[in-house]
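Asker: Structure file upload.cif (mmCIF, C-alpha atoms) is given on the next line.
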data_target
loop_
_atom_site.label_atom_id
_atom_site.label_comp_id
_atom_site.auth_asym_id
_atom_site.auth_seq_id
_atom_site.Cartn_x
_atom_site.Cartn_y
_atom_site.Cartn_z
CA LYS A 1 45.14 -47.36 2.82
CA ALA A 2 47.85 -48.10 0.27
CA GLY A 3 50.03 -45.20 -0.82
CA VAL A 4 51.07 -44.16 -4.30
CA THR A 5 52.77 -47.03 -6.09
CA GLN A 6 55.27 -46.52 -8.87
CA THR A 7 56.69 -49.28 -11.00
CA PRO A 8 59.34 -50.19 -11.79
CA ARG A 9 61.59 -48.69 -9.10
CA TYR A 10 64.70 -48.81 -11.28
CA LEU A 11 65.26 -48.86 -15.01
CA ILE A 12 68.32 -48.89 -17.20
CA LYS A 13 67.89 -48.01 -20.86
CA THR A 14 70.12 -46.99 -23.73
CA ARG A 15 69.91 -43.86 -25.86
CA GLY A 16 67.21 -43.99 -28.50
CA GLN A 17 65.01 -46.48 -26.66
CA GLN A 18 61.63 -45.67 -25.21
CA VAL A 19 60.33 -46.29 -21.71
CA THR A 20 56.96 -46.48 -19.95
CA LEU A 21 56.56 -45.76 -16.25
CA SER A 22 53.47 -46.61 -14.23
CA CYS A 23 51.77 -44.93 -11.30
CA SER A 24 48.86 -46.20 -9.20
CA PRO A 25 47.36 -43.40 -7.09
CA ILE A 26 45.81 -43.64 -3.67
CA SER A 27 42.33 -45.13 -3.88
CA GLY A 28 39.78 -42.38 -4.48
CA HIS A 29 42.31 -39.87 -5.80
CA ARG A 30 41.49 -38.57 -9.27
CA SER A 31 44.44 -36.27 -9.91
CA VAL A 32 47.85 -37.64 -10.88
CA SER A 33 50.88 -35.45 -11.51
CA TRP A 34 54.33 -36.36 -12.76
CA TYR A 35 57.64 -34.67 -11.89
CA GLN A 36 61.22 -35.10 -12.96
CA GLN A 37 63.98 -34.67 -10.37
CA THR A 38 67.62 -34.17 -11.34
CA PRO A 39 70.59 -32.81 -9.36
CA GLY A 40 70.99 -29.91 -11.76
CA GLN A 41 67.38 -28.80 -12.35
CA GLY A 42 65.73 -30.00 -9.16
CA LEU A 43 62.06 -30.97 -9.28
CA GLN A 44 60.23 -29.98 -12.44
CA PHE A 45 56.57 -30.46 -13.29
CA LEU A 46 55.88 -32.68 -16.28
CA PHE A 47 52.08 -32.97 -16.51
CA GLU A 48 48.90 -33.49 -14.54
CA TYR A 49 45.92 -35.68 -15.33
CA PHE A 50 42.47 -35.45 -13.85
CA SER A 51 39.63 -37.78 -14.82
CA GLU A 52 41.58 -39.10 -17.84
CA THR A 53 42.26 -35.60 -19.21
CA GLN A 54 45.58 -33.81 -19.27
CA ARG A 55 44.94 -30.66 -17.31
CA ASN A 56 48.40 -29.08 -17.27
CA LYS A 57 51.69 -29.62 -19.03
CA GLY A 58 55.15 -28.46 -18.08
CA ASN A 59 57.89 -27.23 -20.35
CA PHE A 60 59.15 -30.55 -21.68
CA PRO A 61 59.56 -31.73 -25.28
CA GLY A 62 56.94 -33.81 -27.00
CA ARG A 63 59.00 -36.95 -26.37
CA PHE A 64 57.42 -36.92 -22.91
CA SER A 65 53.81 -38.01 -22.91
CA GLY A 66 51.34 -39.53 -20.53
CA ARG A 67 47.85 -40.82 -20.07
CA GLN A 68 45.39 -41.69 -17.36
CA PHE A 69 43.00 -44.61 -17.31
CA SER A 70 39.45 -44.78 -16.02
CA ASN A 71 40.66 -46.26 -12.72
CA SER A 72 42.95 -43.18 -12.30
CA ARG A 73 46.13 -45.18 -12.86
CA SER A 74 48.58 -43.25 -15.00
CA GLU A 75 51.47 -43.98 -17.28
CA MET A 76 54.14 -41.74 -18.69
CA ASN A 77 56.17 -42.51 -21.76
CA VAL A 78 59.48 -41.12 -22.91
CA SER A 79 60.47 -41.87 -26.49
CA THR A 80 63.89 -41.59 -28.10
CA LEU A 81 65.69 -41.45 -24.77
CA GLU A 82 68.59 -39.05 -24.29
CA LEU A 83 71.34 -39.12 -21.68
CA GLY A 84 69.80 -36.05 -20.06
CA ASP A 85 66.60 -37.96 -19.35
CA SER A 86 68.37 -39.82 -16.55
CA ALA A 87 66.47 -38.77 -13.46
CA LEU A 88 64.16 -39.75 -10.65
CA TYR A 89 60.58 -39.62 -11.95
CA LEU A 90 58.03 -38.97 -9.25
CA CYS A 91 54.30 -39.40 -9.38
CA ALA A 92 51.90 -37.68 -7.01
CA SER A 93 48.20 -38.11 -6.45
CA SER A 94 45.61 -35.90 -4.81
CA LEU A 95 41.86 -35.81 -4.40
CA GLY A 96 41.53 -33.19 -7.10
CA THR A 97 39.75 -29.92 -7.46
CA SER A 98 36.28 -31.39 -7.76
CA TYR A 99 36.23 -31.52 -3.97
CA SER A 100 35.67 -28.59 -1.67
CA LEU A 101 37.81 -30.00 1.12
CA ALA A 102 40.64 -27.84 2.43
CA ASN A 103 43.12 -30.67 1.98
CA LYS A 104 42.07 -31.55 -1.54
CA ASN A 105 45.34 -30.32 -3.02
CA ILE A 106 47.69 -32.14 -0.67
CA GLN A 107 49.83 -34.24 -2.94
CA TYR A 108 51.03 -37.67 -1.93
CA PHE A 109 54.17 -38.82 -3.67
CA GLY A 110 55.32 -42.27 -4.62
CA ALA A 111 58.90 -43.47 -4.06
CA GLY A 112 59.74 -42.77 -7.68
CA THR A 113 61.28 -44.58 -10.63
CA ARG A 114 64.98 -44.02 -11.11
CA LEU A 115 65.78 -44.06 -14.80
CA SER A 116 69.35 -44.33 -16.02
CA VAL A 117 70.03 -43.78 -19.71
CA LEU A 118 73.36 -45.13 -20.97
CA LYS B 1 57.47 -17.28 -14.69
CA GLN B 2 57.32 -18.31 -11.04
CA GLU B 3 60.67 -18.85 -9.34
CA VAL B 4 61.07 -20.35 -5.89
CA THR B 5 64.26 -19.95 -3.85
CA GLN B 6 65.21 -21.65 -0.62
CA ILE B 7 67.87 -20.39 1.74
CA PRO B 8 70.08 -21.82 3.08
CA ALA B 9 70.88 -24.68 0.71
CA ALA B 10 72.31 -26.69 3.59
CA LEU B 11 72.15 -26.42 7.35
CA SER B 12 73.79 -28.36 10.15
CA VAL B 13 72.60 -27.90 13.73
CA PRO B 14 73.01 -29.70 17.07
CA GLU B 15 70.09 -31.67 18.41
CA GLY B 16 67.55 -29.63 20.36
CA GLU B 17 68.00 -26.40 18.47
CA ASN B 18 65.04 -24.48 17.06
CA LEU B 19 65.53 -23.58 13.42
CA VAL B 20 63.96 -21.68 10.55
CA LEU B 21 64.00 -22.58 6.88
CA ASN B 22 63.21 -19.89 4.35
CA CYS B 23 61.34 -19.96 1.06
CA SER B 24 60.73 -17.05 -1.28
CA PHE B 25 58.72 -16.85 -4.49
CA THR B 26 58.60 -14.19 -7.19
CA ASP B 27 54.90 -14.21 -8.15
CA SER B 28 52.52 -13.57 -5.24
CA ALA B 29 49.52 -14.90 -7.18
CA ILE B 30 49.62 -18.34 -5.65
CA TYR B 31 46.85 -20.80 -4.81
CA ASN B 32 48.68 -22.52 -1.98
CA LEU B 33 52.15 -23.31 -0.66
CA GLN B 34 53.30 -26.68 0.56
CA TRP B 35 56.29 -27.84 2.53
CA PHE B 36 57.64 -31.31 1.85
CA ARG B 37 60.32 -33.52 3.30
CA GLN B 38 62.46 -35.85 1.19
CA ASP B 39 64.68 -38.56 2.60
CA PRO B 40 67.61 -39.77 0.47
CA GLY B 41 66.50 -41.88 -2.48
CA LYS B 42 62.85 -41.60 -1.57
CA GLY B 43 59.75 -39.69 -2.58
CA LEU B 44 58.34 -36.61 -0.93
CA THR B 45 56.22 -36.45 2.20
CA SER B 46 53.82 -33.55 2.59
CA LEU B 47 54.35 -31.73 5.89
CA LEU B 48 52.10 -28.68 5.73
CA LEU B 49 49.86 -27.00 3.20
CA ILE B 50 48.93 -23.33 3.54
CA GLN B 51 46.10 -21.94 1.45
CA SER B 52 46.67 -18.46 0.01
CA SER B 53 44.10 -17.03 2.43
CA GLN B 54 45.89 -18.44 5.49
CA ARG B 55 48.81 -17.01 7.43
CA GLU B 56 50.14 -20.14 9.09
CA GLN B 57 49.71 -23.84 9.71
CA THR B 58 50.99 -26.00 12.56
CA SER B 59 51.61 -29.70 12.89
CA GLY B 60 53.38 -30.96 15.99
CA ARG B 61 56.83 -29.35 16.18
CA LEU B 62 56.40 -27.76 12.76
CA ASN B 63 54.97 -24.33 12.04
CA ALA B 64 54.79 -22.79 8.59
CA SER B 65 53.94 -19.17 7.90
CA LEU B 66 52.99 -17.46 4.69
CA ASP B 67 53.31 -13.80 3.73
CA LYS B 68 51.91 -13.68 0.23
CA SER B 69 52.44 -9.98 -0.31
CA SER B 70 56.17 -10.23 0.31
CA GLY B 71 56.49 -13.62 -1.39
CA ARG B 72 57.88 -15.42 1.65
CA SER B 73 57.25 -18.50 3.72
CA THR B 74 59.13 -19.91 6.66
CA LEU B 75 59.16 -23.37 8.18
CA TYR B 76 59.93 -23.37 11.88
CA ILE B 77 61.12 -26.64 13.44
CA ALA B 78 61.13 -26.69 17.22
CA ALA B 79 63.47 -28.83 19.32
CA SER B 80 65.14 -30.48 16.34
CA GLN B 81 65.95 -34.20 16.44
CA PRO B 82 68.35 -36.38 14.41
CA GLY B 83 65.28 -37.91 12.73
CA ASP B 84 64.51 -34.51 11.25
CA SER B 85 67.58 -34.83 9.02
CA ALA B 86 66.33 -34.67 5.43
CA THR B 87 65.89 -32.27 2.54
CA TYR B 88 63.03 -29.83 2.97
CA LEU B 89 61.32 -28.47 -0.10
CA CYS B 90 58.74 -25.76 -0.53
CA ALA B 91 56.44 -25.62 -3.52
CA VAL B 92 53.83 -23.17 -4.75
CA ALA B 93 50.76 -23.78 -6.87
CA PRO B 94 49.53 -21.07 -9.24
CA ASN B 95 46.04 -19.63 -9.08
CA ASN B 96 44.82 -21.33 -12.19
CA ALA B 97 46.00 -24.89 -11.60
CA GLY B 98 45.99 -26.20 -8.07
CA ASN B 99 48.21 -29.20 -8.63
CA MET B 100 50.97 -27.83 -10.86
CA LEU B 101 53.72 -27.20 -8.33
CA THR B 102 56.85 -25.10 -8.74
CA PHE B 103 59.53 -26.28 -6.33
CA GLY B 104 62.43 -24.57 -4.66
CA GLY B 105 65.86 -26.16 -4.69
CA GLY B 106 65.49 -27.42 -1.13
CA THR B 107 67.36 -27.08 2.15
CA ARG B 108 69.41 -30.08 3.21
CA LEU B 109 69.17 -30.32 7.00
CA MET B 110 71.51 -32.32 9.20
CA VAL B 111 70.72 -32.55 12.93
CA LYS B 112 73.67 -33.87 14.89
CA PRO B 113 73.13 -35.93 18.06
#
Would you encode the structure as structure tokens?

Answerer:
Amino acid sequence: KAGVTQTPRYLIKTRGQQVTLSCSPISGHRSVSWYQQTPGQGLQFLFEYFSETQRNKGNFPGRFSGRQFSNSRSEMNVSTLELGDSALYLCASSLGTSYSLANKNIQYFGAGTRLSVL
Amino acid sequence: KQEVTQIPAALSVPEGENLVLNCSFTDSAIYNLQWFRQDPGKGLTSLLLIQSSQREQTSGRLNASLDKSSGRSTLYIAASQPGDSATYLCAVAPNNAGNMLTFGGGTRLMVKP
């Protein structure tokens, strides 16, 4: 079974630009979450989507947005990039809470997209 | 606001040693706690998940315990190996949203041959 796939793996952008990152979850997984990882702040939750609906949102400005498609694939968008947005962006998928399995909340992470803003 | 702390931040041990990594959280109202491993430049790998009603979980040489009332979890690694070298992260999920994780800062482990 294929794991979580994130594309692209690396991105270089300049301040003021926008960027779209993509995440393909494990087949059958309906929940996709996004996290930002930086040396200073560590791993921080961005948002979670389940069945095309945003279920939770972290404490990030409105420049950060996302969506989920009917096939569970997800994208996140960052507009008007700032230097501080440079980070490793991680996507995770899980079965989702519609299942009663004990392991339904185990999250499987992709390798991440490393974004550098110049 | 939930805060998760991991001690120590870094640890270096000789191969074969048994070791304990610590994780503490401020709000005991959690849904579950997970331990992850992250290798440099890579994503996270789930090691163990403990539901709030459980006390411990075991997988191979790994054993994780959870004491919800005191806001603590430990990850025990038996007979450490150089391949165990990585950053270990714990994360808690709140009661009302199973997949919104709050992470600790991690413990960077180095196992020397």

Asker: Can you translate the PyMOL selection byres ((chain A) within 12 of (chain B)) into the concrete residues it hits in this file, as a PyMOL selection string?

Answerer: chain A and resi 3-6+9-10+30-50+54-59+87-99+101-114

Asker: I'd like the neighbourhood of stretch 7-21 of chain B as a VMD selection string, where a residue qualifies if any of its atoms comes within 12 Å (using all atoms listed in the file), though same-chain residues fewer than 4 positions away should be ignored.

Answerer: chain B and resid 25 35 to 36 61 to 65 72 to 90 104 to 113

Asker: Just give me the gap between atom CA of A:Ser22 and atom CA of A:Phe64 in Å, one decimal is fine.

Answerer: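 So the two atoms, atom CA of A:Ser22 and atom CA of A:Phe64, lie 13.6 Å apart.
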
Asker: Kindly give the distance, in Å, that separates atom CA of A:Pro25 and atom CA of A:Leu115, rounded to a single decimal.

Answerer: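 Answer for the atom CA of A:Pro25 to atom CA of A:Leu115 separation: 20.0 Å.
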
Asker: Any chance you could work out the axis-aligned box around stretch 23-36 of chain B, listed atoms only, 4 Å on each side, giving centre and edge lengths in Å to one decimal, as lines of an AutoDock Vina configuration file?

Answerer:
center_x = 54.1
center_y = -22.4
center_z = -2.8
size_x = 22.5
size_y = 25.7
size_z = 18.7

Asker: Near stretch 70-76 of chain A, within 6 Å and counting only C-alpha atoms, which residues show up once chain neighbours fewer than 3 positions away are dropped, as a PyMOL selection string?

Answerer: chain A and resi 20-24+30+65-67

Asker: Deliver the residues from the most recent selection as a file, using C-alpha atoms, as a PDB file, in the frame of the given file.

Answerer:
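Output file part.pdb is given in full below:
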ATOM      1  CA  THR A  20      56.960 -46.480 -19.950  1.00  0.00           C
ATOM      2  CA  LEU A  21      56.560 -45.760 -16.250  1.00  0.00           C
ATOM      3  CA  SER A  22      53.470 -46.610 -14.230  1.00  0.00           C
ATOM      4  CA  CYS A  23      51.770 -44.930 -11.300  1.00  0.00           C
ATOM      5  CA  SER A  24      48.860 -46.200  -9.200  1.00  0.00           C
ATOM      6  CA  ARG A  30      41.490 -38.570  -9.270  1.00  0.00           C
ATOM      7  CA  SER A  65      53.810 -38.010 -22.910  1.00  0.00           C
ATOM      8  CA  GLY A  66      51.340 -39.530 -20.530  1.00  0.00           C
ATOM      9  CA  ARG A  67      47.850 -40.820 -20.070  1.00  0.00           C
TER      10      ARG A  67
END

Asker: With distances taken over only C-alpha atoms, which residue among A:Thr14, A:Gln68, A:Ser116, A:Ser27 lies nearest A:Thr80?

Answerer: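 Among the listed residues, A:Thr14 lies closest to A:Thr80.
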
Asker: I'd like the interatomic distance between atom CA of B:Pro94 and atom CA of B:Ser70, to a tenth of an Å.

Answerer: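 Result for atom CA of B:Pro94 versus atom CA of B:Ser70: 15.9 Å, one decimal.
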